Each structure stands twice: as C-alpha cells, then as structure tokens.
Amino acid sequence: MHSDRDIVQHRLRRVLDERIRPAVHATSVPLEIGIWQVPGEPVPVAEGLAAEYRPTEVGASWGPAWTTNWFKVSGRVPEEWAGRRVEAVVDLGFGTTEPGFSAEGLAYRPDGTAVKALNPRNTWLPVAEQAVGGEEFVCYVEAAANPLVMHSGPEDRTFAITPLGGRALWLDEEGASGGEPIYRLRRIDLAVFDAEVYDLVHDMEVLDQLMRELPEQAPRRWQILRALSSALDAVDLQDIGGTAAAARAILAPALASSAADGEHRISAIGHAHIDTAWLWPLRETVRKVARTVSNVTQLMDEYPEFRFVMSQAQQLAWLKEHRPEVYERAQEKAKTGQFVPTGSLWVEPDTNITGGEALARQFIHGKRFYLDEFGVETEDMWLPDTFGYNAAMPQLMKLAGVRWFLTQKISWNTTNKFPHHTFWWEGIDGTRIFSHFPPIDTYNSDLSGAEVAHSVRNFQDKGAANRSLAPFGYGDGGGGPTREMLARAERLADLEGSARVEIEKPGDFFAKALEDYPDAPVWVGELYLEFHRGTLTSQIATKQGNRRSEHLLREAELWAATAALRTGAAYPYEAIDRLWKTVLLHQFHDILPGTSIAWVHREAEETYRQVAAELGELIASAQAALAGPASDDGSRVVFNAAPHARAGAAALGTTVRREPAAVTVEARPLDGGFVLDNGLVRIVIDERGLVTSAYDIEGGREALPPGAVANLLQLHQDFPNQWDAWDLDAFYRNTVTDLTAAESVTVVDGGVRVVRAFGDSRIEQTLALAPGSRRLDVDTVLDWHETEKLLKAAFPLDVRAGHSTAQVPFGHVERPTHTNTSWDAAKFEVCAHRFLHVGERGWGAALVNDSTYGHDVTRDVREDGGTTTTVRLSLARAPRFPDPDTDQGTHRLRYALLIGADVDDAIREGYHLNLPERTVSGSAEVAPLVAVDNPAVVVEAVKLADDRSGDVVVRLYESQGARATALLSPGFRLASATATDLLERPRAADEPACEVTDDGVRLRLRPFQILTVRLAAVGG
C-alpha cells in the first residue's frame, strides 16, 4: 500500500516532469536551421560565421565524434508575442547525458560575440526580454560532437555511449568514430518564457526536496505535504500558465516560514570544475572554458547577487589569447565582484608527483597572472579534485600569501573517513593553514534538497562550528551554475527545516569560519588520499617528461644566470617563462597522474620532447659561453648543476677535467655469476642475474637478508574494482610471479647486462657500480606489452625499520612500515620523489630513481629472529581505461640501491642521479654563482629575478628536518640581500632569516624551512 505522502510525491513528480516543466516554454514556433560541418579541427569564429550552410531539420543526425558542426538558426518573433519574454530553445540531442560529457554548444550573435553555452541542463538562449513582435532572430551555434568516453571493453578498445539510440560507439586511437554521426537534433524553437510557471516549478521542487529530507514525524514535513497537494489541485493541466499563480499562492506560506536561528549556514560558491584535459584533448578545454565563462557572465547580467569562482590561471590565459571578447566580459564582471579569480595556481596540479620548485612556480605564475590581469591578490588554494596533498603545501601556501585551503577529494577515501571538515593543516615545517573540506561531498553541487541536507548531517565539526561551503555548478563544460540553481538558492536562503544558503565568495566564508572556529583541530603531515594510488605509476612517459623537464629548467636557469653575470650573455626571460608555463600546464591532475585519454598523453609526450630540445639548446648556449675556447690539451669543463659537490666539481659549479673519469668498475666472474667490487661495497650477481649479496665493506654489514635476492622483478595482476588508470587495490598482492628466468647474463662495457622475457614483454637491465660510490645503478630498458599487469622491482633489506623516509617537495616524510591502524594499512602504496630510505640507528639503505614515484614498503619477521624490510618500486602498469594502450612500448628508466646510507646520503644521491654531469669542450673554471657551506641547506633554484632587475634569486631549504645555520656566499660583489616571498617581494618576518655579513649572507633556518633570497650585485 502507498501512503498519502507517497501518492502526493509520485503525483508531483509526474505532473512536474510531464506537464509543468514543459509549460515553461509551451508556446513555440520552429526555427530554420542550417548546418556546416568543419572539415578537421575547430576553426576561428569568423570562419564559422562566413561558412556556406546547407538546410537541415530537427531529427537530423550530426557528428561524428570530436568533430565540430556549426548551425545557423533563424526566424521571426510572432507579432502576437509582443510584450512577452522570448527565448530560443536549442536541444542538440543531449539525451540524458550529464553536462560536460555530451555535445556542447556556444551560441554567437551575427557579429561574432558570444551569447552563452548550450548543454543538457541549459538549452535556452535569450532573444528578447520584452518582444515587440516581428523582430528577426539569427544566431550561430558552434557545436562540438564530444563523445561520452566510457570504459574499454573486452576488445581493448575505448568506446563512447551516444544519445543516438544509446548505442556503443568504438573510437579508434585518434579518437574518431569512423565518420558515423553520434547526435540527432531534438528541438530548435523560438518560445515564450512563462516566468510564473518557471517559478512554480521551483517552488514545488524546493519544497518537495526539503520534505523528503525531513524526519518522518516532523510537523513541517506534513505541512509541506498538504501545501503541495493543494497546489497540485489548483493546477489546471490544460491551462497551466493560467493557474500557476493560484498554485504559487497556496505554496507561499510554506516558503515564507523562516529557518531557526541555529540552523547550519552554507556558503554557496558558484563554480565549474573544468579538467584542463581528461576525456578530451587540451584544445577542447579551451572551448569548454569559453562556453562556461560566456554562460556565467550572461547569468551575472540577470542575477547581480551571483558569484562565480574560476580557479586556474592557465584557463583564463587561454581565454585571453583565443577569445578576448569573452575574457573582457570576465574582467568586467570581476570589477563588480561577481567573477572571482581564485585558487592562486597556474592549474590545479597533482601535488604528489609535481616537484617542489614546480609547485612554487604554480603559485608564482598563478598569483602573478591574477595580480597583473585582475589586480587581485588571491588568498586561497582551491584544489577540489587533486589526488592527495603533500606535506610541504602549507608552507608553500603561506610563502605565496595564501591563507586558506579547500579540497573535497579526501571524502573519496575508501578506508577511513577524515575526522574533520574544518581544521588547521600543519606541514612538515610547522606552518599551519586554515582548511575546509565541503561536507556536501561534491564540487559539482546543484543545491538540491538532498545535497543541502547531506551537508548538514555529514558536517564533522557540528557543535563546535556551524558553517560549511558548497561549490555549485556543472563542471567540465557543463557551463557552471544555472538559473535553476540560483532559484533554489534564493528559496533556501531562509527556509524552515533547511540550512540557510547564502551565495558569497570563498574569502567571505573562510573569514567567517575562522572567526567562528579559531581553535579548530590540527591535522599534521600529508593528506593521503586512500584511493587513486595507481596514479603514481600510470603513463611512464608523461611522468618521465615532467621529471626531466623540471631538472632541465633548473639547469637552464642556473647556467643562464651564471652566464649573464659572468659573461654578460642575455638571460632568456621569455623562453624560460613560456617553458615553465608549458610544464606547469602538464602537471594538471589528470595529465601528470596518467589518467587522460591517449590523445592527451601523445600530445604531452611530444610537448615534452620539444621542451627538452629547447632547454637543451639554452643550457648548451650558456655552458659554451662559460666554458670558453677549447684548449690544445683536449680538456673538458664538467658542469655540476646538483646542490652537492662531486668528482671535483663544486655544487652549482664546474671543474676542468683533462682525462676521462672512470665510469664503472669491471665485473669479475664468480660461481657462474659476477661480482662488482669498488672497495666500498661488493655486489654479487648470480647466474640468473639476481643480486644475492650487497655487502657494505666499510661498515662490515650485508644489506640483504639470508637467502634473499634483490632487484627481483615481480609481476602482479592489476585489475582494480573501478577507475583503471587511477586505482591500485590492495588485493593486487594476492597474485605474484617472480621473474627469475634470464635469457642472458653477460658482462658488457659498463657493468652486467641481464635480459629477461616474460609474457609479450622484454626487459634489459645493466647493473653497474662506479668507483668510490655506494650506489648500485640499474639502467633499465623495458619493452612493455602486458595488459592489466603491474611490474615491481623488489629489494628486501636486512633492517628492522619502524618507518620509511620518502622525499617529498622541499623535504621528506616518515611513514610507518607497520599496519597497526587502518590509517597505516591504507598506505600500501606511497609516493616518493628521488629517494626512499629505510634503516636502523647508524645504518640504512635507500632506493633512488630518475622517474619512479610509486613505492611500497613491507616488513616480515624471519625464523632467525631478524626483520626483513622490503622496499619495492612500481615500474609499470597496463590499465585499459581511459587509454587502452597505456605504456605499451619501450621505456628507459634508472634506479639504484644505495648501501650503508643515511637520509643525507639519499638526498645527495637522488640529486646526482637526476642531474648528471655535463661536459663541454673548453678550459675555463667557472666559480659557482652562489655557494652554501652547510650540506643540509639545499639550493633548489638559482635564477635572475622576474622583474628583469638583474638581481639573483636563490631558493633553498633545510633538508634534514633540523635547525640549521649556513653561509650563503655569492660569487659577485653583493650590494644587498633580502628574504622574499615566492613572488620575489620582500616579506615580513618576526625573525630575520638572512643577515648580510662581510663574507656573505648568514642564514638561519628552522626544520624544512624554505627560504627565497634576493641578491643585488654592486653596480647591478
């Protein structure tokens, strides 16, 4: 049996969907339609407007996938519509697809100015607020046939679900669909907009949604039920427009009843999360941004109270470049306070994999863009969708002038619910940032009654605090907030039984939340996302391109700055600025993590090749200027860009070498295998090519447990429950194959080469030991052709390590190796940058790498009572979605076992592996531009100031987690030294971090402190 409540609710839903909503545009006439399919990639607007259109009609199909079709829509407003509000209704064939994952359109006036976007939840265009009758209407719609890319099927091909019959559409590797259309025009009309009916829809909808969330016995619930029932009775289904006002009058008392004083307060922030690339290429994101900004600025004209945030400077820079007239509208609305630049970053980057200096540049370029273009000093970091947050971020935020942090993604944790929604986040150096996780659990809210009620119920800090934030609007090309959402917000501003909803800016929310909750709890360390762990490994080439680019940029700035001061060479400001922005763009959280379609990653790899080539030329030019002319004795200048000295070359400096240095020690035969011995460590490799001994000669200690082998390649089945490229589920460990068979184990110039074949793949590894080094290098060439597999390299170590130490930006973090709690157990795959170290007091070992981020650490107690701590690197994955051919092909990567090492050794060797020496013909000794006398203080960047003053900017940090003093010695006559923020502006500090003395600049740093120092030269 159905209750009275159920009957009313079912009746309401049907009447709303089938009668009242359609009556908003009940009176309509069809428009004439012309179509032009763009032959290839999208064209400029002027070309679309000037194209030759052929007639088409509603019901006609269009496409194919990824193509662009232009529609010319024209007609005349009927005379009898004079005085009425008239709109065009344009349904390109959206079906039930979500906004942002469907066809998308942008409408233009005949003069080429943008009107607004069209998508599945936003099909109207303004024509006349008060028609005079008889006026002509013409507009053009640039329509993108974007497919809804879905999971790859059993044939290992990506497919799309299309509204055209709901069928599956196979996409080839270029993203095309074989020429088949995927959409069908559904409605293109001129229509009268009935405001009374529109308001009735939202009166009924808001009350209905609220009623469904109220407790069963709440009197308010039954009051609303009676009102809705009576309002339905008042609606004449044959004359909805004529009876809408009467129905609204019945509902008015229920809507006028005010919320209680203590109700939860929600700050609703207009938002459109636009992935800079994901299931579409970068070029399509440029258009998604234009559509969205056109949409929200049009909405601002009609709704002055509407506020909208845009959080990625890169997207606004695209708008400025490609659609200046839309960009001008954004700037216009920024002046009224409606369009709110936010986020402080160039893009919303991945913060696990992105390097420390690159994260600093994300803030620098993001903040500077907003300052230059909008005159706004942004104070928040808006990262709703990034896959975890490293523990250096609070300090970086503070150094960039950021006060607040927001994300939603931690609500995706699959093991532990994060205990707070409002809290202070404390980083590795002790910096705290006031932070908020919206309890609404989405960054694409539509402000429905269910979402608002969930926000209240879910709020973890109720009792102590009473405010939360709700980002609302359709993302990814969905056009952002809609007028329907604003109608809900208006009714929820002060409604009995509901939280109070107020549209405002993020800064307004954070200021109020901080005032209400200054003693919010503290969360110390990284914000680890218990999900999407596979993003540390997917798409090797993209990750390698980023890592290499970061280090090449370091070298280019260092040597170009050195050459500028030493030789007067021109510093390549424009090129470095452009190249940094290119690299920052590709650190977006669906590019660098390897979770975009193949199209995106193919373009990224080509871009990285171009970046490497251009940076290589900049480095070579600077080094040639510094090295001087070649000498008769064949001497070579060795450049060391690393922050630590090596092989006679000073940190950040050079040495002249006349004889080639020995690269590796020779391998000697031993019991069917080989031994590498340089007097510091001895490595034994058996006939299978496995490391059976890694002996620390100086320390008198074997690194490997009895009977164990190292550099053991292990293959796992890798088929997560969902989100292939994103996820690595713990049960992958249940199946493992040890790759012990070798095709060959031979001595080659430079070490011992081991060749293995498995499945359809092949791997060649050269194991080498350099003279005077404790580092066993493993140079790997992987020809990878597996599917749904994970390849790891295991190093069991004879240490009882209670924690591992992993490099993160500007420092390192310690993580437990045990699984005492569910929080510990959830970290079964963790991120490390250049090194991961384990050890006991006085002895340890580390793995260093040049392009690997995913690691796992386990520990086992042996029968002999000893403890084995096994560290493994994740070398390759083979997910099928969204790129069915992820990582198929040949890759080269390097990693190394560092024996008898402490964390300081690991830091040094991590830099050395990633910043190899460069040798240039010449004879000039080049003194470092700057030098630091304490190895714990690591120089991360040396460059010329962005304002082109000629000042030298040095960014450094304390790397060991201890207080440190150091002398920074400039290699030029110093006029002044100033501690600055990340944007190279003098910073206010309670305690001076640097002091100029006769012999340089005396530095005082707290543990893991980042310090930027601006050095002015005498006469500079």
# chains A, B, ... in the order shown; residues from 1 in each chain; ligands from 1
call {"tool": "residues_around", "arguments": {"residues": "segment 737-743 of chain A", "least_positions_apart": "3", "cutoff": "12 Å", "atoms": "only C-alpha atoms", "output": "PyMOL selection string"}}
result
chain A and resi 686-691+709-717+732-734+746+753-759+761-765+789-794
call {"tool": "write_last_selection", "arguments": {"atoms": "C-alpha atoms", "output": "compact mmCIF listing (two decimals), in the first residue's frame"}}
result
# COMPACT_ATOMS: atom_id res chain seq x y z
CA ASP A 686 74.17 -14.86 -9.72
CA GLU A 687 73.68 -16.76 -12.97
CA ARG A 688 70.03 -15.64 -13.05
CA GLY A 689 71.04 -12.00 -12.96
CA LEU A 690 69.69 -11.54 -9.43
CA VAL A 691 71.58 -9.69 -6.72
CA VAL A 709 67.66 -11.75 -3.71
CA ALA A 710 67.38 -8.10 -4.71
CA ASN A 711 66.35 -6.35 -7.89
CA LEU A 712 63.75 -9.09 -8.14
CA LEU A 713 61.21 -8.15 -10.77
CA GLN A 714 57.69 -9.16 -9.79
CA LEU A 715 54.59 -9.21 -11.96
CA HIS A 716 51.13 -8.78 -10.44
CA GLN A 717 47.65 -8.97 -11.86
CA TYR A 732 46.77 -6.98 -6.35
CA ARG A 733 49.29 -8.53 -3.94
CA ASN A 734 47.32 -11.78 -3.84
CA THR A 746 76.69 -11.10 -19.60
CA ARG A 753 73.62 -6.91 -18.55
CA VAL A 754 70.60 -9.07 -17.71
CA VAL A 755 67.95 -9.84 -20.32
CA ARG A 756 64.56 -11.29 -19.37
CA ALA A 757 61.47 -12.07 -21.40
CA PHE A 758 58.01 -12.52 -19.91
CA GLY A 759 54.57 -12.55 -21.47
CA SER A 761 57.44 -8.12 -22.94
CA ARG A 762 61.19 -7.91 -22.66
CA ILE A 763 63.45 -6.13 -20.21
CA GLU A 764 67.18 -5.38 -20.39
CA GLN A 765 68.96 -4.17 -17.29
CA LYS A 789 49.58 -6.06 -15.04
CA LEU A 790 51.82 -4.27 -12.57
CA LEU A 791 55.61 -4.60 -12.64
CA LYS A 792 57.58 -4.03 -9.45
CA ALA A 793 61.26 -4.24 -8.52
CA ALA A 794 61.82 -5.65 -5.02
call {"tool": "select_by_dssp", "arguments": {"residues": "segment 787-928 of chain A", "states": "alpha helix (DSSP H)", "output": "JSON, numbers by chain"}}
result
{"A": [822, 823, 824, 825, 903, 904, 905, 906, 907, 908, 909, 910, 911, 912, 913, 914]}
call {"tool": "write_last_selection", "arguments": {"atoms": "C-alpha atoms", "output": "PDB file, in the first residue's frame"}}
result
ATOM      1  CA  SER A 822      43.618   1.231   9.452  1.00  0.00           C
ATOM      2  CA  TRP A 823      45.276   4.559   8.598  1.00  0.00           C
ATOM      3  CA  ASP A 824      48.673   2.847   8.420  1.00  0.00           C
ATOM      4  CA  ALA A 825      47.346  -0.139   6.475  1.00  0.00           C
ATOM      5  CA  VAL A 903      68.981  10.078   4.745  1.00  0.00           C
ATOM      6  CA  ASP A 904      71.538  12.774   3.934  1.00  0.00           C
ATOM      7  CA  ASP A 905      73.290  10.375   1.561  1.00  0.00           C
ATOM      8  CA  ALA A 906      69.965   9.566  -0.064  1.00  0.00           C
ATOM      9  CA  ILE A 907      69.202  13.247  -0.590  1.00  0.00           C
ATOM     10  CA  ARG A 908      72.590  13.807  -2.258  1.00  0.00           C
ATOM     11  CA  GLU A 909      72.470  10.732  -4.470  1.00  0.00           C
ATOM     12  CA  GLY A 910      68.901  11.474  -5.506  1.00  0.00           C
ATOM     13  CA  TYR A 911      70.010  14.813  -6.901  1.00  0.00           C
ATOM     14  CA  HIS A 912      73.109  13.306  -8.510  1.00  0.00           C
ATOM     15  CA  LEU A 913      71.131  10.616 -10.315  1.00  0.00           C
ATOM     16  CA  ASN A 914      68.677  13.185 -11.685  1.00  0.00           C
TER      17      ASN A 914
END
call {"tool": "closest_residue", "arguments": {"among": "A:Val808, A:Ala259, A:Val675, A:Ala570", "to": "Gly950 of chain A", "atoms": "only C-alpha atoms"}}
result
A:Ala570
call {"tool": "select_by_dssp", "arguments": {"residues": "segment 681-902 of chain A", "states": "strand (DSSP E or B)", "output": "PyMOL selection string"}}
result
chain A and resi 681-685+691-696+701-702+710+712-717+736-739+744-748+751-758+761-769+775-784+789-797+803-808+811-816+830-831+835-840+843-849+854-861+867-877+889-899
call {"tool": "residues_around", "arguments": {"residues": "Leu299 of chain A", "least_positions_apart": "6", "cutoff": "8 Å", "atoms": "only C-alpha atoms", "output": "list in words"}}
result
Phe306, Thr482 and Arg483 of chain A
call {"tool": "write_last_selection", "arguments": {"atoms": "N, CA and C atoms", "output": "mmCIF file, in the first residue's frame"}}
result
data_model
loop_
_atom_site.group_PDB
_atom_site.id
_atom_site.type_symbol
_atom_site.label_atom_id
_atom_site.label_comp_id
_atom_site.auth_asym_id
_atom_site.auth_seq_id
_atom_site.Cartn_x
_atom_site.Cartn_y
_atom_site.Cartn_z
ATOM 1 N N PHE A 306 24.776 36.860 -7.955
ATOM 2 C CA PHE A 306 25.512 35.650 -8.330
ATOM 3 C C PHE A 306 27.013 35.895 -8.246
ATOM 4 N N THR A 482 23.487 27.265 -13.035
ATOM 5 C CA THR A 482 22.346 27.570 -13.904
ATOM 6 C C THR A 482 21.369 28.471 -13.165
ATOM 7 N N ARG A 483 20.451 29.041 -13.912
ATOM 8 C CA ARG A 483 19.444 29.879 -13.264
ATOM 9 C C ARG A 483 18.550 29.037 -12.354
#
call {"tool": "residues_around", "arguments": {"residues": "Thr537 of chain A", "least_positions_apart": "5", "cutoff": "7 Å", "atoms": "only C-alpha atoms", "output": "list in words"}}
result
Tyr853, Gly854, Ser874, Leu875, Ala876 and Arg877 of chain A
call {"tool": "write_last_selection", "arguments": {"atoms": "C-alpha atoms", "output": "mmCIF file, in the first residue's frame"}}
result
data_model
loop_
_atom_site.group_PDB
_atom_site.id
_atom_site.type_symbol
_atom_site.label_atom_id
_atom_site.label_comp_id
_atom_site.auth_asym_id
_atom_site.auth_seq_id
_atom_site.Cartn_x
_atom_site.Cartn_y
_atom_site.Cartn_z
ATOM 1 C CA TYR A 853 57.007 7.628 -7.843
ATOM 2 C CA GLY A 854 55.006 4.606 -6.653
ATOM 3 C CA SER A 874 56.388 0.344 -9.158
ATOM 4 C CA LEU A 875 57.916 0.394 -12.631
ATOM 5 C CA ALA A 876 54.959 -0.010 -14.996
ATOM 6 C CA ARG A 877 51.214 -0.581 -15.165
#
call {"tool": "residues_around", "arguments": {"residues": "Gln209 of chain A", "least_positions_apart": "2", "cutoff": "8 Å", "atoms": "only C-alpha atoms", "output": "mmCIF file with C-alpha atoms, in the first residue's frame"}}
result
data_model
loop_
_atom_site.group_PDB
_atom_site.id
_atom_site.type_symbol
_atom_site.label_atom_id
_atom_site.label_comp_id
_atom_site.auth_asym_id
_atom_site.auth_seq_id
_atom_site.Cartn_x
_atom_site.Cartn_y
_atom_site.Cartn_z
ATOM 1 C CA GLU A 205 10.728 21.388 -6.418
ATOM 2 C CA VAL A 206 12.398 23.060 -3.417
ATOM 3 C CA LEU A 207 9.544 22.197 -1.048
ATOM 4 C CA MET A 211 10.085 17.438 2.574
ATOM 5 C CA ARG A 212 11.887 14.272 1.525
ATOM 6 C CA GLU A 213 14.793 15.076 3.854
ATOM 7 C CA SER A 448 19.300 20.122 -4.296
ATOM 8 C CA GLY A 449 17.491 19.447 -1.045
ATOM 9 C CA ALA A 450 19.262 16.101 -0.730
#
call {"tool": "closest_atom_pairs", "arguments": {"of": "segment 820-922 of chain A", "to": "segment 618-624 of chain A", "cutoff": "8 Å", "atoms": "only C-alpha atoms", "output": "CSV"}}
result
residue,atom,partner,partner_atom,distance
A:Val920,CA,A:Ala624,CA,7.0
A:Ser921,CA,A:Ala624,CA,8.0
A:Gly922,CA,A:Ala624,CA,7.9
call {"tool": "residues_around", "arguments": {"residues": "Ala392 of chain A", "least_positions_apart": "2", "cutoff": "12 Å", "atoms": "only C-alpha atoms", "output": "number ranges by chain"}}
result
A: 351-352, 354-357, 359-360, 389-390, 394-399, 425-433, 524-527, 807-813, 957, 959, 1007-1010
call {"tool": "write_last_selection", "arguments": {"atoms": "N, CA and C atoms", "output": "short mmCIF file (atom, residue, chain, number, x, y, z; two decimals), in the first residue's frame"}}
result
data_model
loop_
_atom_site.label_atom_id
_atom_site.label_comp_id
_atom_site.auth_asym_id
_atom_site.auth_seq_id
_atom_site.Cartn_x
_atom_site.Cartn_y
_atom_site.Cartn_z
N THR A 351 49.68 17.19 -6.68
CA THR A 351 50.67 17.65 -5.72
C THR A 351 51.45 16.50 -5.09
N ASN A 352 51.22 15.29 -5.54
CA ASN A 352 52.07 14.18 -5.13
C ASN A 352 53.33 14.11 -5.98
N THR A 354 54.30 16.34 -8.67
CA THR A 354 54.93 17.59 -9.05
C THR A 354 56.07 17.92 -8.09
N GLY A 355 57.21 18.35 -8.64
CA GLY A 355 58.36 18.68 -7.83
C GLY A 355 58.18 19.96 -7.04
N GLY A 356 59.05 20.15 -6.03
CA GLY A 356 58.91 21.29 -5.14
C GLY A 356 59.02 22.63 -5.84
N GLU A 357 60.06 22.80 -6.64
CA GLU A 357 60.23 24.09 -7.31
C GLU A 357 59.09 24.34 -8.29
N LEU A 359 56.02 23.35 -7.91
CA LEU A 359 54.87 23.80 -7.12
C LEU A 359 55.01 25.27 -6.75
N ALA A 360 56.24 25.69 -6.42
CA ALA A 360 56.46 27.12 -6.17
C ALA A 360 56.09 27.93 -7.40
N TYR A 389 47.68 15.35 -1.07
CA TYR A 389 48.35 16.64 -0.90
C TYR A 389 49.59 16.46 -0.04
N ASN A 390 50.75 16.83 -0.60
CA ASN A 390 52.00 16.61 0.11
C ASN A 390 52.14 17.59 1.28
N PRO A 394 51.40 23.48 3.08
CA PRO A 394 51.08 24.62 3.94
C PRO A 394 52.14 25.71 3.90
N GLN A 395 53.43 25.33 3.92
CA GLN A 395 54.48 26.34 3.88
C GLN A 395 54.49 27.07 2.54
N LEU A 396 54.34 26.33 1.44
CA LEU A 396 54.31 26.97 0.13
C LEU A 396 53.14 27.95 0.03
N MET A 397 51.99 27.55 0.57
CA MET A 397 50.85 28.45 0.55
C MET A 397 51.17 29.74 1.30
N LYS A 398 51.70 29.60 2.51
CA LYS A 398 51.99 30.80 3.30
C LYS A 398 53.00 31.70 2.61
N LEU A 399 54.02 31.10 2.00
CA LEU A 399 55.04 31.89 1.31
C LEU A 399 54.48 32.59 0.07
N TRP A 425 45.67 22.75 8.93
CA TRP A 425 46.59 21.76 8.34
C TRP A 425 48.03 22.21 8.61
N GLU A 426 48.79 21.35 9.28
CA GLU A 426 50.17 21.67 9.62
C GLU A 426 51.13 20.88 8.75
N GLY A 427 52.05 21.58 8.11
CA GLY A 427 53.02 20.95 7.22
C GLY A 427 54.27 20.50 7.93
N ILE A 428 55.23 19.99 7.16
CA ILE A 428 56.43 19.40 7.74
C ILE A 428 57.31 20.42 8.46
N ASP A 429 57.14 21.70 8.16
CA ASP A 429 57.96 22.72 8.82
C ASP A 429 57.25 23.36 9.99
N GLY A 430 55.98 22.99 10.23
CA GLY A 430 55.21 23.59 11.31
C GLY A 430 54.24 24.66 10.88
N THR A 431 54.26 25.06 9.63
CA THR A 431 53.30 26.05 9.13
C THR A 431 51.89 25.48 9.17
N ARG A 432 50.93 26.30 9.59
CA ARG A 432 49.53 25.88 9.61
C ARG A 432 48.68 26.76 8.70
N ILE A 433 47.76 26.11 7.99
CA ILE A 433 46.84 26.80 7.08
C ILE A 433 45.42 26.39 7.44
N VAL A 524 48.32 17.00 11.18
CA VAL A 524 49.75 17.17 10.91
C VAL A 524 50.18 16.21 9.80
N GLY A 525 50.90 16.73 8.81
CA GLY A 525 51.50 15.89 7.77
C GLY A 525 50.69 15.84 6.51
N GLU A 526 51.03 14.89 5.65
CA GLU A 526 50.40 14.81 4.34
C GLU A 526 48.92 14.48 4.46
N LEU A 527 48.16 14.89 3.46
CA LEU A 527 46.77 14.49 3.33
C LEU A 527 46.75 13.38 2.27
N GLN A 807 61.35 11.15 0.08
CA GLN A 807 61.46 12.55 -0.33
C GLN A 807 60.14 13.04 -0.88
N VAL A 808 59.76 14.22 -0.42
CA VAL A 808 58.61 14.96 -0.94
C VAL A 808 59.13 16.36 -1.28
N PRO A 809 58.33 17.21 -1.90
CA PRO A 809 58.82 18.55 -2.19
C PRO A 809 59.39 19.25 -0.96
N PHE A 810 60.60 19.77 -1.09
CA PHE A 810 61.26 20.56 -0.06
C PHE A 810 61.38 19.83 1.28
N GLY A 811 61.64 18.53 1.22
CA GLY A 811 61.84 17.82 2.48
C GLY A 811 61.55 16.35 2.33
N HIS A 812 61.25 15.71 3.47
CA HIS A 812 60.89 14.31 3.43
C HIS A 812 59.88 14.01 4.54
N VAL A 813 59.18 12.90 4.38
CA VAL A 813 58.20 12.47 5.38
C VAL A 813 58.53 11.05 5.83
N TYR A 957 66.36 25.32 0.93
CA TYR A 957 65.58 24.79 2.04
C TYR A 957 66.45 23.93 2.94
N SER A 959 67.07 20.56 4.58
CA SER A 959 66.67 19.26 4.04
C SER A 959 66.64 18.12 5.04
N PRO A 1007 63.58 23.60 10.84
CA PRO A 1007 63.48 22.35 10.09
C PRO A 1007 62.58 22.48 8.87
N PHE A 1008 63.13 22.08 7.73
CA PHE A 1008 62.42 22.06 6.45
C PHE A 1008 61.95 23.44 5.99
N GLN A 1009 62.55 24.48 6.50
CA GLN A 1009 62.15 25.82 6.08
C GLN A 1009 62.60 26.08 4.65
N ILE A 1010 61.71 26.69 3.88
CA ILE A 1010 62.02 27.17 2.53
C ILE A 1010 62.33 28.65 2.62
#
call {"tool": "closest_residue", "arguments": {"among": "A:Ile364, A:Leu585, A:Ala272, A:Val132", "to": "Met310 of chain A", "atoms": "only C-alpha atoms"}}
result
A:Ala272
call {"tool": "residues_around", "arguments": {"residues": "Leu1005 of chain A", "least_positions_apart": "5", "cutoff": "7 Å", "atoms": "only C-alpha atoms", "output": "PyMOL selection string"}}
result
chain A and resi 958+963-965+993
call {"tool": "write_last_selection", "arguments": {"atoms": "N, CA and C atoms", "output": "PDB file, in the first residue's frame"}}
result
ATOM      1  N   GLU A 958      66.036  23.804   4.191  1.00  0.00           N
ATOM      2  CA  GLU A 958      66.703  22.905   5.131  1.00  0.00           C
ATOM      3  C   GLU A 958      66.184  21.504   4.858  1.00  0.00           C
ATOM      4  N   ARG A 963      67.190  22.306  12.778  1.00  0.00           N
ATOM      5  CA  ARG A 963      67.583  23.701  12.643  1.00  0.00           C
ATOM      6  C   ARG A 963      68.975  23.785  12.040  1.00  0.00           C
ATOM      7  N   ALA A 964      69.197  24.820  11.240  1.00  0.00           N
ATOM      8  CA  ALA A 964      70.475  24.927  10.540  1.00  0.00           C
ATOM      9  C   ALA A 964      70.863  26.383  10.380  1.00  0.00           C
ATOM     10  N   THR A 965      72.166  26.600  10.416  1.00  0.00           N
ATOM     11  CA  THR A 965      72.720  27.893  10.005  1.00  0.00           C
ATOM     12  C   THR A 965      73.644  27.620   8.828  1.00  0.00           C
ATOM     13  N   ALA A 993      65.566  35.991   8.594  1.00  0.00           N
ATOM     14  CA  ALA A 993      66.100  34.702   8.154  1.00  0.00           C
ATOM     15  C   ALA A 993      67.463  34.851   7.511  1.00  0.00           C
TER      16      ALA A 993
END
call {"tool": "closest_atom_pairs", "arguments": {"of": "segment 836-950 of chain A", "to": "segment 539-549 of chain A", "cutoff": "10 Å", "atoms": "only C-alpha atoms", "output": "CSV"}}
result
residue,atom,partner,partner_atom,distance
A:Asp850,CA,A:Arg547,CA,7.6
A:Ser851,CA,A:Gln544,CA,5.3
A:Thr852,CA,A:Lys543,CA,8.0
A:Tyr853,CA,A:Lys543,CA,8.8
A:Leu875,CA,A:Ile540,CA,8.2
A:Ala876,CA,A:Ile540,CA,6.9
A:Arg877,CA,A:Gln539,CA,7.9
A:Ala878,CA,A:Gln539,CA,8.7
A:Pro879,CA,A:Gln539,CA,9.4
A:Asp883,CA,A:Gln539,CA,9.3
A:Asp885,CA,A:Gln539,CA,9.8
A:Thr886,CA,A:Gln539,CA,6.1
A:Asp887,CA,A:Gln539,CA,5.5
A:Gln888,CA,A:Gln539,CA,9.3
A:Thr890,CA,A:Ala541,CA,9.6
A:His891,CA,A:Ala541,CA,7.4
A:Arg892,CA,A:Ala541,CA,9.2
A:Leu893,CA,A:Gln544,CA,8.3
A:Asn914,CA,A:Arg548,CA,7.9
A:Leu915,CA,A:Arg548,CA,9.2
call {"tool": "atom_distance", "arguments": {"atom1": "atom CA of Leu652 of chain A", "atom2": "atom CA of Asn640 of chain A"}}
result
5.5 Å
call {"tool": "atom_distance", "arguments": {"atom1": "atom CA of Gly971 of chain A", "atom2": "atom CA of Leu956 of chain A"}}
result
16.5 Å
